[in-house]
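Chemist: Encoded as structure tokens, here's the structure I'll be asking about.
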Amino acid sequence: MSGFVEKPEPVQVPGLVHLHTGKVRELYRDEDGNLVMVASDRISAYDWVLPSEIPDKGRVLTQLSLWWFDQLADLVPNHVLSTELPAGAPADWVGRTLVCRNLDMVPVECVARGYLTGSGLTEYELTRTVCGLALPEGLVDGSELPAPIFTPAAKAAVGEHDENVSYEEVARTVGAETAALLRQTTLAVYARARDIARERGLILADTKFEFGFDPESGVLIAADEVLTPDSSRFWPADQWEPGRAQPSFDKQFVRDWLTSPASGWDRGGELPPPALPREVVEQTRAKYVEAYERLTGQTWTAATGIADAPRTGAAEA
């Protein structure tokens with residue numbers, strides 16, 4: 001079993017039509033036909049959306065994505081039209097809400113890997129490949145790859161695993177020209193982000209992007225979130241040691257507690273995971289905030305989490 005332990009009821013806002021409840025985000029459509037994305041403080045692990053929330057997590061994801069969109073603007077445009085709250089929206093939506101253009105989304109998770117870990121490591125240990133790409137012998141958990149690779153995945157529903165697929169499968173699904181554009185853009189963005197992270201003492205091990213096409217211009221647009229601790233693995237460079245699991249800026253405290261005797265939870269059983277203890281919530285929040293601060297060079301405060309001024313026109317193609 002998997003999915004939501006307790007699926008939340010979406011907030012109803014006049015003028016907005018609720019479209020979807022995701023692991024983290026609520027998606028609405030406004031009266032102009034634009035999408036309104038609201039990042040909650042929900043957290044997921046082992047295919048479950050947990051009953052506990054991580055304070056400020058949604059704002060960290062939103063503000064960090066906005067920062068990254070600015071760093072990547074010359075490589076790929078993004079979907080953000082504004083951060084101004086829709087009329088009637090609750091005050092808690094401040095800092096976690098994006099008004100976005102409606103795109104024709106590409107049904108592919110575009111993953112770039114510069115280091116071997118996670119599902120890539122699992123496949124490599126069986127076949128010496130990742131998504132059908134042959135890799136050298138002798139790599140271990142945390143090894144840097146000879147060059148970054150594009151390892152796409154088919155996007156899964158809530159509670160299910162994304163499934164790694166080959167580049168050839170992507171080309172059959174979306175066409176050869178689109179597949180080539182996705183690979184080129186994904187690797188270019190990864191290289192830019194890897195270099196920025198490296199300057200800040202962080203390793204960007206891997207990351208995933210979602211893209212869509214503007215229905216009017218046909219331009220490829222970056223959507224959803226980018227280069228956050230939810231969509232990427234960031235490791236402290238000074239602690240990198242291939243051959244073991246690396247410390248990371250994400251939900252590792254949550255995973256470790258859930259699989260420890262302290263939780264009393266059987267990952268292979270039928271029961272959903274329990275609520276998180278306060279110290280695990282606090283440690284996880286601190287990791288998300290630290291990732292924001294190290295990457296942006298800005299101190300996280302309540303004011304930081306709330307955009308200083310509404311952004312408009314951020315998604316110019």
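In the structure tokens, chains take letters A, B, ... by order of appearance, with residues numbered from 1 within each chain and ligands from 1 in the order shown.
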Please run DSSP on the backbone and report, as a list in words, all residues within segment 157-270 of chain A that come out as strand (DSSP E).
Modeler: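 Answer for segment 157-270 of chain A, restricted to strand (DSSP E): Glu163, Asn164, Leu202, Ile203, Leu204, Ala205, Asp206, Thr207, Lys208, Phe209, Glu210, Phe211, Gly212, Phe213, Leu220, Ile221, Ala222, Ala223, Ser232, Arg233, Phe234, Trp235 and Pro236 of chain A.
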Chemist: Write out as a list in words which residues come within 10 Å of Gly15 of chain A when counting only C-alpha atoms, dropping same-chain ones fewer than 5 positions away.
Modeler: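 What passes the distance filter is Tyr28, Arg29, Asp30, Glu31, Asp32, Pro86, Ala87, Gly88 and Ala89 of chain A.
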Chemist: Based on the selection just made, write all heavy atoms of those residues as an mmCIF file, in the first residue's frame.
Modeler:
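Once everything was written out, this is selection.cif:
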```cif
data_model
loop_
_atom_site.group_PDB
_atom_site.id
_atom_site.type_symbol
_atom_site.label_atom_id
_atom_site.label_comp_id
_atom_site.auth_asym_id
_atom_site.auth_seq_id
_atom_site.Cartn_x
_atom_site.Cartn_y
_atom_site.Cartn_z
ATOM 1 N N TYR A 28 -4.576 24.693 -8.988
ATOM 2 C CA TYR A 28 -5.851 25.337 -9.299
ATOM 3 C C TYR A 28 -5.770 25.980 -10.687
ATOM 4 O O TYR A 28 -4.683 26.189 -11.231
ATOM 5 C CB TYR A 28 -6.163 26.442 -8.286
ATOM 6 C CG TYR A 28 -6.334 25.997 -6.855
ATOM 7 C CD1 TYR A 28 -5.225 25.738 -6.036
ATOM 8 C CD2 TYR A 28 -7.603 25.870 -6.294
ATOM 9 C CE1 TYR A 28 -5.381 25.353 -4.709
ATOM 10 C CE2 TYR A 28 -7.769 25.483 -4.963
ATOM 11 C CZ TYR A 28 -6.656 25.230 -4.184
ATOM 12 O OH TYR A 28 -6.816 24.854 -2.862
ATOM 13 N N ARG A 29 -6.943 26.350 -11.217
ATOM 14 C CA ARG A 29 -7.002 27.182 -12.415
ATOM 15 C C ARG A 29 -7.754 28.459 -12.078
ATOM 16 O O ARG A 29 -8.813 28.406 -11.442
ATOM 17 C CB ARG A 29 -7.701 26.451 -13.567
ATOM 18 C CG ARG A 29 -7.773 27.316 -14.839
ATOM 19 C CD ARG A 29 -8.482 26.614 -15.993
ATOM 20 N NE ARG A 29 -7.685 25.494 -16.472
ATOM 21 C CZ ARG A 29 -8.068 24.222 -16.431
ATOM 22 N NH1 ARG A 29 -9.241 23.914 -15.886
ATOM 23 N NH2 ARG A 29 -7.306 23.257 -16.899
ATOM 24 N N ASP A 30 -7.206 29.618 -12.494
ATOM 25 C CA ASP A 30 -7.890 30.872 -12.216
ATOM 26 C C ASP A 30 -8.816 31.251 -13.371
ATOM 27 O O ASP A 30 -8.924 30.539 -14.378
ATOM 28 C CB ASP A 30 -6.890 31.991 -11.879
ATOM 29 C CG ASP A 30 -6.027 32.404 -13.064
ATOM 30 O OD1 ASP A 30 -6.353 32.074 -14.222
ATOM 31 O OD2 ASP A 30 -4.997 33.092 -12.822
ATOM 32 N N GLU A 31 -9.492 32.382 -13.236
ATOM 33 C CA GLU A 31 -10.498 32.776 -14.226
ATOM 34 C C GLU A 31 -9.883 33.148 -15.568
ATOM 35 O O GLU A 31 -10.581 33.200 -16.579
ATOM 36 C CB GLU A 31 -11.322 33.934 -13.667
ATOM 37 C CG GLU A 31 -12.180 33.515 -12.468
ATOM 38 C CD GLU A 31 -12.918 34.669 -11.838
ATOM 39 O OE1 GLU A 31 -12.431 35.820 -11.969
ATOM 40 O OE2 GLU A 31 -13.967 34.441 -11.214
ATOM 41 N N ASP A 32 -8.565 33.412 -15.591
ATOM 42 C CA ASP A 32 -7.874 33.720 -16.850
ATOM 43 C C ASP A 32 -7.327 32.472 -17.529
ATOM 44 O O ASP A 32 -6.685 32.568 -18.588
ATOM 45 C CB ASP A 32 -6.729 34.710 -16.595
ATOM 46 C CG ASP A 32 -7.236 36.055 -16.119
ATOM 47 O OD1 ASP A 32 -8.313 36.486 -16.586
ATOM 48 O OD2 ASP A 32 -6.560 36.682 -15.275
ATOM 49 N N PRO A 86 -3.788 35.317 -5.558
ATOM 50 C CA PRO A 86 -5.135 35.521 -6.097
ATOM 51 C C PRO A 86 -6.038 36.162 -5.049
ATOM 52 O O PRO A 86 -5.872 35.925 -3.841
ATOM 53 C CB PRO A 86 -5.595 34.099 -6.432
ATOM 54 C CG PRO A 86 -4.344 33.287 -6.532
ATOM 55 C CD PRO A 86 -3.388 33.896 -5.569
ATOM 56 N N ALA A 87 -6.965 36.957 -5.487
ATOM 57 C CA ALA A 87 -7.907 37.594 -4.568
ATOM 58 C C ALA A 87 -8.649 36.537 -3.760
ATOM 59 O O ALA A 87 -9.101 35.530 -4.297
ATOM 60 C CB ALA A 87 -8.893 38.454 -5.345
ATOM 61 N N GLY A 88 -8.726 36.758 -2.455
ATOM 62 C CA GLY A 88 -9.452 35.834 -1.594
ATOM 63 C C GLY A 88 -8.642 34.660 -1.093
ATOM 64 O O GLY A 88 -9.151 33.852 -0.308
ATOM 65 N N ALA A 89 -7.401 34.535 -1.534
ATOM 66 C CA ALA A 89 -6.559 33.417 -1.077
ATOM 67 C C ALA A 89 -6.188 33.616 0.390
ATOM 68 O O ALA A 89 -6.017 34.746 0.857
ATOM 69 C CB ALA A 89 -5.308 33.314 -1.927
#
```
Chemist: Please determine, counting only C-alpha atoms, which residue among A:Leu227, A:Ala205, A:Ile43, A:Ala237 has the shortest atom-to-atom distance to Val281 of chain A.
Modeler: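 That would be A:Ile43, the residue with the smallest distance to Val281 of chain A.
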Chemist: Write out as a PDB file with N, CA and C atoms, in the first residue's frame the residues lying within 8 Å of Glu144 of chain A, counting only C-alpha atoms and excluding same-chain residues fewer than 3 positions away.
Modeler:
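Here's the written file part-v3.pdb:
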```
ATOM      1  N   GLY A 114      25.043  13.206 -12.321  1.00  0.00           N
ATOM      2  CA  GLY A 114      26.478  13.400 -12.403  1.00  0.00           C
ATOM      3  C   GLY A 114      27.228  12.446 -11.492  1.00  0.00           C
ATOM      4  N   TYR A 115      26.463  11.805 -10.597  1.00  0.00           N
ATOM      5  CA  TYR A 115      27.032  10.870  -9.625  1.00  0.00           C
ATOM      6  C   TYR A 115      26.103   9.657  -9.541  1.00  0.00           C
ATOM      7  N   LEU A 116      26.649   8.541  -9.123  1.00  0.00           N
ATOM      8  CA  LEU A 116      25.890   7.293  -9.095  1.00  0.00           C
ATOM      9  C   LEU A 116      25.331   7.054  -7.699  1.00  0.00           C
TER      10      LEU A 116
END
```
Chemist: Got a sec: who's within 10 Å of Ala191 of chain A, counting only C-alpha atoms, leaving out chain neighbours fewer than 6 positions off, as a list of chain:residue names?
Modeler: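 Skipping anything fewer than 6 positions along the chain leaves A:Ala112, A:Gly114, A:Pro148, A:Thr185, A:Ala197, A:Leu204.
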Chemist: Keeping only C-alpha atoms, write the selected residues to a file as a CSV table (one decimal), in the first residue's frame.
Modeler:
```
chain,number,residue,atom,x,y,z
A,112,ALA,CA,20.3,14.3,-15.0
A,114,GLY,CA,26.5,13.4,-12.4
A,148,PRO,CA,26.7,13.7,-16.7
A,185,THR,CA,18.3,21.2,-22.2
A,197,ALA,CA,26.4,24.5,-6.3
A,204,LEU,CA,24.6,18.3,-7.1
```
